[in-house]
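Text of final01.tsv, listed as TSV, C-alpha atoms:
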chain	number	residue	atom	x	y	z
A	98	MET	CA	-1.40	-2.22	-32.59
A	99	ARG	CA	-2.28	-0.92	-29.16
A	100	LEU	CA	-4.01	-3.58	-27.08
A	101	THR	CA	-7.34	-2.44	-25.64
A	102	GLN	CA	-8.64	-4.58	-22.81
A	103	GLY	CA	-10.61	-3.90	-19.66
A	104	THR	CA	-11.85	-0.67	-18.14
A	105	PHE	CA	-10.58	2.61	-19.65
A	106	SER	CA	-9.28	0.62	-22.62
A	107	PHE	CA	-9.93	3.40	-25.13
A	108	LEU	CA	-8.31	6.10	-23.00
A	109	PRO	CA	-4.58	6.78	-23.09
A	110	ASP	CA	-2.63	4.77	-20.51
A	111	LEU	CA	-3.27	5.99	-16.97
A	112	THR	CA	-0.48	7.82	-15.18
A	113	ASP	CA	0.67	6.61	-11.77
A	114	GLU	CA	-1.36	9.36	-10.10
A	115	GLN	CA	-4.49	8.22	-11.94
A	116	ILE	CA	-3.80	4.56	-11.11
A	117	ARG	CA	-3.42	5.54	-7.46
A	118	ALA	CA	-6.76	7.35	-7.54
A	119	GLN	CA	-8.45	4.30	-9.07
A	120	VAL	CA	-6.88	2.05	-6.43
A	121	GLU	CA	-8.06	4.38	-3.67
A	122	TYR	CA	-11.58	4.10	-5.09
A	123	CYS	CA	-11.36	0.28	-5.15
A	124	LEU	CA	-10.01	0.08	-1.60
A	125	GLY	CA	-12.73	2.46	-0.44
A	126	ARG	CA	-15.26	-0.02	-1.78
A	127	GLY	CA	-13.51	-2.91	-0.01
A	128	TRP	CA	-12.35	-4.63	-3.19
A	129	ALA	CA	-9.20	-6.75	-3.21
A	130	ILE	CA	-6.50	-5.82	-5.72
A	131	ALA	CA	-4.48	-8.38	-7.66
A	132	LEU	CA	-1.85	-8.00	-10.37
A	133	GLU	CA	-1.46	-10.31	-13.35
A	134	HIS	CA	0.92	-10.44	-16.28
A	135	THR	CA	1.10	-12.23	-19.62
A	136	ASP	CA	2.99	-12.17	-22.89
A	137	ASP	CA	0.07	-13.61	-24.90
A	138	PRO	CA	-2.22	-10.72	-25.79
A	139	HIS	CA	-4.99	-12.80	-27.40
A	140	PRO	CA	-8.35	-11.39	-26.29
A	141	ARG	CA	-9.59	-14.85	-25.29
A	142	ASN	CA	-6.54	-15.50	-23.12
A	143	THR	CA	-8.27	-15.05	-19.78
A	144	TYR	CA	-5.69	-16.92	-17.72
A	145	TRP	CA	-2.88	-14.49	-17.06
A	146	GLU	CA	-0.15	-15.38	-14.57
A	147	MET	CA	-0.44	-13.91	-11.09
A	148	HIS	CA	2.16	-11.50	-9.82
A	149	GLY	CA	2.17	-12.27	-6.11
A	150	LEU	CA	-0.93	-12.99	-4.12
A	151	PRO	CA	-4.08	-10.86	-4.20
A	152	MET	CA	-3.88	-8.06	-1.65
A	153	PHE	CA	-6.65	-8.17	0.91
A	154	ASP	CA	-7.43	-5.80	3.78
A	155	LEU	CA	-5.37	-2.90	2.48
A	156	ALA	CA	-6.31	0.59	3.59
A	157	ASP	CA	-3.95	2.68	1.52
A	158	ALA	CA	-2.92	2.62	-2.13
A	159	ALA	CA	0.79	2.89	-1.33
A	160	GLY	CA	1.14	-0.88	-0.94
A	161	VAL	CA	-0.53	-1.52	-4.29
A	162	MET	CA	1.60	1.09	-6.04
A	163	ASP	CA	4.75	-0.58	-4.66
A	164	GLU	CA	3.54	-3.86	-6.15
A	165	VAL	CA	2.73	-2.20	-9.49
A	166	ARG	CA	6.26	-0.83	-9.67
A	167	ALA	CA	7.68	-4.24	-8.70
A	168	ALA	CA	5.59	-5.96	-11.38
A	169	ARG	CA	6.75	-3.48	-14.03
A	170	ALA	CA	10.37	-4.02	-13.03
A	171	ALA	CA	9.97	-7.81	-13.09
A	172	HIS	CA	8.06	-7.92	-16.41
A	173	PRO	CA	8.99	-4.81	-18.39
A	174	ASP	CA	8.12	-6.47	-21.72
A	175	ASP	CA	4.85	-8.05	-20.62
A	176	TYR	CA	1.33	-6.83	-20.29
A	177	VAL	CA	0.52	-6.22	-16.62
A	178	LYS	CA	-3.04	-5.65	-15.50
A	179	LEU	CA	-4.58	-4.62	-12.23
A	180	ASN	CA	-7.75	-6.43	-11.16
A	181	ALA	CA	-10.15	-5.38	-8.43
A	182	PHE	CA	-12.18	-8.25	-7.02
A	183	ASP	CA	-15.44	-7.63	-5.22
A	184	ALA	CA	-16.11	-10.42	-2.72
A	185	THR	CA	-19.60	-9.17	-1.81
A	186	ARG	CA	-22.07	-12.01	-1.66
A	187	GLY	CA	-23.93	-12.22	-4.95
A	188	VAL	CA	-21.19	-10.38	-6.87
A	189	GLU	CA	-18.01	-12.39	-6.22
A	190	SER	CA	-16.42	-11.21	-9.40
A	191	LEU	CA	-14.08	-8.66	-10.95
A	192	ARG	CA	-15.40	-5.11	-10.81
A	193	LEU	CA	-12.51	-3.29	-12.42
A	194	SER	CA	-9.56	-4.38	-14.51
A	195	PHE	CA	-7.13	-2.29	-16.53
A	196	ILE	CA	-3.68	-2.55	-18.06
A	197	VAL	CA	-0.89	-0.80	-16.15
A	198	ASN	CA	2.09	-1.89	-18.24
A	199	ARG	CA	2.50	-2.83	-21.90
A	200	PRO	CA	5.47	-3.76	-24.08
A	201	SER	CA	7.11	-0.93	-25.99
A	202	LEU	CA	6.43	-2.68	-29.28
A	203	GLU	CA	3.04	-4.27	-29.91
A	204	PRO	CA	3.07	-6.17	-33.20
A	205	GLY	CA	-0.70	-6.69	-33.36
A	206	PHE	CA	-2.89	-9.50	-34.68
A	207	ARG	CA	-3.22	-11.46	-37.87
A	208	LEU	CA	-6.46	-12.73	-39.36
A	209	ALA	CA	-6.06	-16.22	-40.83
A	210	ARG	CA	-8.66	-17.76	-43.12
A	211	HIS	CA	-9.17	-21.50	-42.78
A	212	GLU	CA	-11.01	-23.12	-45.65
A	213	GLY	CA	-13.26	-25.90	-44.43
A	214	PRO	CA	-15.51	-28.40	-46.19
A	215	GLY	CA	-17.64	-26.86	-48.92
A	216	ARG	CA	-15.16	-23.97	-49.22
A	217	ARG	CA	-16.59	-22.54	-46.04
A	218	ILE	CA	-14.27	-19.92	-44.55
A	219	ARG	CA	-13.49	-19.81	-40.81
A	220	TYR	CA	-11.55	-16.88	-39.43
A	221	VAL	CA	-8.84	-17.23	-36.77
A	222	ILE	CA	-7.19	-14.36	-34.89
A	223	GLY	CA	-3.60	-14.83	-33.70
A	224	ALA	CA	-1.06	-12.47	-32.18
A	225	TYR	CA	2.16	-12.00	-34.13
A	226	ALA	CA	4.03	-11.85	-30.83
A	227	ILE	CA	3.40	-15.49	-29.94
A	228	ASP	CA	5.11	-16.75	-33.10
A	229	ARG	CA	8.35	-16.33	-31.19
A	230	PRO	CA	9.37	-18.32	-28.13
A	231	VAL	CA	8.69	-17.10	-24.62
A	232	GLY	CA	11.23	-14.48	-23.58
A	233	GLU	CA	11.88	-13.30	-27.14
A	234	ARG	CA	8.44	-11.81	-27.75
A	235	TYR	CA	8.27	-8.01	-27.94
A	236	ARG	CA	11.98	-7.61	-28.73
B	59	MET	CA	23.96	28.54	1.72
B	60	SER	CA	20.57	29.98	0.88
B	61	ARG	CA	18.38	31.28	3.66
B	62	HIS	CA	14.64	31.02	3.54
B	63	PRO	CA	12.81	34.20	4.37
B	64	VAL	CA	11.37	33.58	7.82
B	65	PRO	CA	7.91	35.13	8.30
B	66	ASP	CA	7.57	37.19	11.47
B	67	ALA	CA	5.98	35.57	14.50
B	68	SER	CA	2.67	37.40	14.15
B	69	SER	CA	1.79	35.55	10.93
B	70	LEU	CA	1.91	32.14	12.64
B	71	ASP	CA	-1.12	31.36	14.74
B	72	LEU	CA	-0.48	28.30	16.90
B	73	ALA	CA	-3.88	28.44	18.59
B	74	ALA	CA	-5.71	28.53	15.26
B	75	ALA	CA	-3.64	25.66	13.91
B	76	LEU	CA	-4.39	23.66	17.03
B	77	ALA	CA	-8.13	24.32	16.77
B	78	ASP	CA	-7.97	23.54	13.08
B	79	SER	CA	-6.44	20.10	13.64
B	80	HIS	CA	-9.07	18.98	16.23
B	81	VAL	CA	-6.29	17.25	18.17
B	82	GLU	CA	-7.50	18.85	21.39
B	83	GLU	CA	-10.72	16.80	21.22
B	84	VAL	CA	-8.78	13.54	21.08
B	85	LEU	CA	-6.56	14.62	23.96
B	86	ASP	CA	-9.56	15.68	26.05
B	87	ARG	CA	-11.24	12.35	25.41
B	88	LEU	CA	-8.02	10.63	26.46
B	89	ASP	CA	-8.11	12.62	29.72
B	90	ARG	CA	-11.75	11.75	30.32
B	91	GLU	CA	-11.70	8.07	29.47
B	92	LEU	CA	-8.43	6.99	31.04
B	93	ILE	CA	-7.93	7.24	34.78
B	94	GLY	CA	-4.46	8.11	36.08
B	95	LEU	CA	-1.61	7.65	33.58
B	96	ALA	CA	-0.56	11.27	34.12
B	97	PRO	CA	3.01	10.81	32.76
B	98	VAL	CA	1.66	9.11	29.61
B	99	LYS	CA	-0.90	11.85	28.99
B	100	THR	CA	1.73	14.55	29.46
B	101	ARG	CA	4.06	12.77	27.07
B	102	ILE	CA	1.36	12.44	24.42
B	103	ARG	CA	0.49	16.13	24.76
B	104	GLU	CA	4.18	16.92	24.32
B	105	ILE	CA	4.41	14.75	21.22
B	106	ALA	CA	1.24	16.29	19.78
B	107	ALA	CA	2.63	19.80	20.43
B	108	LEU	CA	5.93	18.89	18.80
B	109	LEU	CA	4.21	17.48	15.75
B	110	LEU	CA	1.96	20.53	15.43
B	111	VAL	CA	4.93	22.91	15.58
B	112	GLU	CA	6.83	20.69	13.16
B	113	LYS	CA	3.89	20.89	10.75
B	114	LEU	CA	3.78	24.70	11.00
B	115	ARG	CA	7.53	24.87	10.44
B	116	ALA	CA	7.18	22.74	7.31
B	117	GLY	CA	4.40	25.08	6.20
B	118	VAL	CA	6.75	28.09	6.13
B	119	GLY	CA	9.63	26.19	4.55
B	120	LEU	CA	11.63	25.53	7.70
B	121	THR	CA	11.85	21.82	7.01
B	122	ALA	CA	14.02	19.84	9.29
B	123	SER	CA	14.05	16.09	8.71
B	124	PRO	CA	10.62	14.68	9.61
B	125	PRO	CA	10.47	13.63	13.25
B	126	SER	CA	10.91	9.93	13.92
B	127	LEU	CA	7.47	8.64	14.80
B	128	HIS	CA	8.42	5.15	15.94
B	129	MET	CA	7.37	4.60	19.52
B	130	SER	CA	7.65	1.88	22.07
B	131	PHE	CA	5.07	1.37	24.78
B	132	THR	CA	6.11	-0.58	27.85
B	133	GLY	CA	4.07	-1.51	30.88
B	134	ASN	CA	2.22	-4.24	32.68
B	135	PRO	CA	-0.68	-6.02	30.99
B	136	GLY	CA	-3.88	-4.00	30.98
B	137	THR	CA	-2.30	-0.59	31.48
B	138	GLY	CA	-3.65	0.80	28.20
B	139	LYS	CA	-0.82	0.34	25.72
B	140	THR	CA	-3.14	-0.60	22.84
B	141	THR	CA	-5.64	2.12	23.74
B	142	ILE	CA	-2.91	4.73	23.69
B	143	ALA	CA	-1.68	3.38	20.35
B	144	HIS	CA	-5.20	3.80	18.91
B	145	ARG	CA	-5.33	7.40	20.13
B	146	MET	CA	-1.84	8.05	18.81
B	147	ALA	CA	-2.92	6.84	15.36
B	148	GLU	CA	-5.86	9.24	15.53
B	149	ILE	CA	-3.61	12.15	16.52
B	150	LEU	CA	-1.13	11.39	13.74
B	151	HIS	CA	-3.98	11.27	11.25
B	152	LEU	CA	-5.44	14.59	12.45
B	153	LEU	CA	-2.05	16.25	12.13
B	154	GLY	CA	-1.59	14.83	8.65
B	155	TYR	CA	1.40	12.59	9.41
B	156	VAL	CA	-0.39	9.42	8.23
B	157	ARG	CA	-2.86	9.30	5.34
B	158	LYS	CA	-5.52	6.96	6.74
B	159	GLY	CA	-4.97	6.66	10.47
B	160	HIS	CA	-6.00	3.05	10.88
B	161	LEU	CA	-4.23	0.79	13.36
B	162	VAL	CA	-3.03	-2.68	12.38
B	163	ALA	CA	-2.36	-4.64	15.55
B	164	VAL	CA	-0.22	-7.74	15.03
B	165	THR	CA	1.61	-10.20	17.24
B	166	ARG	CA	4.56	-12.48	16.64
B	167	ASP	CA	2.51	-15.17	14.87
B	168	ASP	CA	1.22	-12.65	12.30
B	169	LEU	CA	4.77	-11.79	11.26
B	170	VAL	CA	6.89	-14.92	11.69
B	171	GLY	CA	6.39	-17.70	9.15
B	172	GLU	CA	6.28	-21.42	9.72
B	173	PHE	CA	8.94	-22.48	7.25
B	174	ILE	CA	11.86	-21.08	5.26
B	175	GLY	CA	10.73	-18.41	2.79
B	176	HIS	CA	7.37	-17.91	4.46
B	177	THR	CA	8.40	-15.09	6.78
B	178	ALA	CA	9.30	-12.35	4.28
B	179	PRO	CA	6.03	-12.46	2.27
B	180	LYS	CA	4.03	-12.67	5.49
B	181	THR	CA	5.77	-9.67	7.02
B	182	LYS	CA	5.57	-7.67	3.80
B	183	ASP	CA	1.85	-8.41	3.58
B	184	VAL	CA	1.37	-7.00	7.08
B	185	LEU	CA	3.46	-3.95	6.19
B	186	LYS	CA	1.34	-3.37	3.08
B	187	ARG	CA	-1.81	-3.55	5.17
B	188	ALA	CA	-0.37	-1.03	7.63
B	189	MET	CA	0.69	1.49	4.97
B	190	GLY	CA	-1.01	4.84	5.47
B	191	GLY	CA	-1.70	3.95	9.07
B	192	VAL	CA	0.02	2.70	12.19
B	193	LEU	CA	1.52	-0.74	12.70
B	194	PHE	CA	1.21	-1.89	16.29
B	195	ILE	CA	3.37	-4.88	17.16
B	196	ASP	CA	2.11	-6.46	20.36
B	197	GLU	CA	4.80	-8.07	22.50
B	198	ALA	CA	7.55	-6.94	20.15
B	199	TYR	CA	10.30	-8.23	22.45
B	200	TYR	CA	8.96	-11.70	21.61
B	201	LEU	CA	10.11	-11.44	17.98
B	202	HIS	CA	13.70	-12.30	18.76
B	203	ARG	CA	14.32	-15.61	20.46
B	204	PRO	CA	18.02	-15.97	21.14
B	205	GLU	CA	17.68	-19.52	22.49
B	206	ASN	CA	16.60	-20.85	19.07
B	207	GLU	CA	19.12	-20.01	16.38
B	208	ARG	CA	16.85	-21.28	13.59
B	209	ASP	CA	14.04	-18.99	14.61
B	210	TYR	CA	12.73	-16.71	11.84
B	211	GLY	CA	12.15	-13.76	14.17
B	212	GLN	CA	15.48	-12.25	13.18
B	213	GLU	CA	14.33	-12.09	9.53
B	214	VAL	CA	11.22	-10.16	10.59
B	215	ILE	CA	13.34	-7.68	12.51
B	216	GLU	CA	15.59	-7.14	9.48
B	217	ILE	CA	12.61	-6.47	7.19
B	218	LEU	CA	11.06	-4.12	9.74
B	219	LEU	CA	14.34	-2.23	10.13
B	220	SER	CA	14.68	-1.82	6.37
B	221	VAL	CA	11.32	-0.04	6.12
B	222	MET	CA	11.62	1.96	9.35
What is this structure when it is put down as structure tokens?
Amino acid sequence: MRLTQGTFSFLPDLTDEQIRAQVEYCLGRGWAIALEHTDDPHPRNTYWEMHGLPMFDLADAAGVMDEVRAARAAHPDDYVKLNAFDATRGVESLRLSFIVNRPSLEPGFRLARHEGPGRRIRYVIGAYAIDRPVGERYR
Amino acid sequence: MSRHPVPDASSLDLAAALADSHVEEVLDRLDRELIGLAPVKTRIREIAALLLVEKLRAGVGLTASPPSLHMSFTGNPGTGKTTIAHRMAEILHLLGYVRKGHLVAVTRDDLVGEFIGHTAPKTKDVLKRAMGGVLFIDEAYYLHRPENERDYGQEVIEILLSVM
């Protein structure tokens, strides 16, 4: 199941040219770009690991694209996303975030039913990928 | 060996290309705002002319290897090295040799780290900031300190050389 998270999530994956154009837009607005990666695709997993430090004061997208390629090479079987942080006073939050790398095989999610007191059903979503230990997911 | 068809001289208009690039305005402003410095101004005009011709040559498929654009400015303090670097960045941008044309001015302490493993990320961060523009290293001779063998300046020089 294809993971859909962030901006452009229902579009096909962006090409490098399109990513570069998005990064140019972000840098033109003065937003700082950061890259993050994870192997746990759960939608409530908001704490992805950082790939390097956030990149401040860039003027050109070439530096970001180098980092994107480095992140893909370092984590070919992980999800990698690109975040654009707007530090403007009163915003101070992410403005744009999209996935730039995904594993070749995405097993998807299971829906588990937990029966509670009074036969009440609670539903739990879990990714099949995280049943396996770190490093063996998405193989 | 294949030969590119070379267009005849009449189809190349140097004057129009020069007017089109607006480089002349920058050079004129340089002449107006800086007193003296005749050799520097001449040299910059020469470089601008070379780059313009190089661009035209690339336009008709006569591509030689791109000219090396690394420059070193030497002179006493206050003789306009940084000012010239700013103008040079502008000229390179107008001629399309750099995408953004901003100038990132750094000194030794912006590049050299304080402890082992700090230098490379710091230098690479500066290089990333300078991409698409011009990196101006103030007091570059200061990077290498031969009297201190544990100095990290050498590492900076190696990283700079690898991207140059």
Worksheet item: From the set B:Gly211, B:Pro125, B:Pro204, B:Gly159, which residue has the shortest atom-to-atom contact distance to chain A, counting only C-alpha atoms?
Response: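 Nearest candidate to chain A out of B:Gly211, B:Pro125, B:Pro204, B:Gly159: B:Gly159.
Residue list for chain A within 9 Å of chain B: Met152, Phe153, Asp154, Leu155, Ala156, Asp157, Ala158, Ala159, Gly160, Val161 and Asp163 of chain A, counting all atoms listed in the file.
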Discussion item. Between CA of Arg101 (chain B) and CA of Ala75 (chain B), what is the distance in Å, rounded to a tenth?
Written reply: 20.0 Å
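Close contacts of Phe107 (chain A), defined as residues with an atom at most 12 Å away when counting only C-alpha atoms, with chain neighbours fewer than 5 positions off set aside, comprise A:Arg99, A:Leu100, A:Thr101, A:Gln102, A:Phe195, A:Ile196.
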Worksheet entry | For Gln115 (chain A), the nearest of the candidates A:Val197, A:Ala224, A:Leu191, A:Ala181, counting all atoms listed in the file | A:Val197
Discussion item. Would you compute the distance between CA of Tyr176 (chain A) and CA of Asn198 (chain A)? Give it in Å to one decimal.
Written reply: 5.4 Å
Discussion item. Report as a list in words all protein, DNA and RNA residues lying within 10 Å of Asp137 (chain A), evaluated on all atoms listed in the file, omitting residues in the same chain fewer than 3 positions from it.
Written reply: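 Non-adjacent residues within range: His134, Pro140, Arg141, Asn142, Thr143, Tyr144, Trp145, Asp175, Tyr176, Gly223, Ala224, Tyr225, Ala226, Ile227, Val231 and Arg234 of chain A.
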Worksheet item: Which is closer to Arg166 (chain A) than all the others in A:Leu150, A:Leu124, A:Ile218, A:Ile116, using all atoms listed in the file?
Response: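 Closest candidate: A:Ile116.
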Worksheet item: What's the 10 Å shell around Ala198 (chain B), counting all atoms listed in the file, without same-chain residues fewer than 3 positions away, as a PyMOL selection string?
Response: chain B and resi 130-131+164-166+194-195+201-202+215
Worksheet entry | Distance in Å - CA of Phe206 (chain A) versus CA of Asp174 (chain A) |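 For CA of Phe206 (chain A) relative to CA of Asp174 (chain A), the distance reads 17.3 Å.
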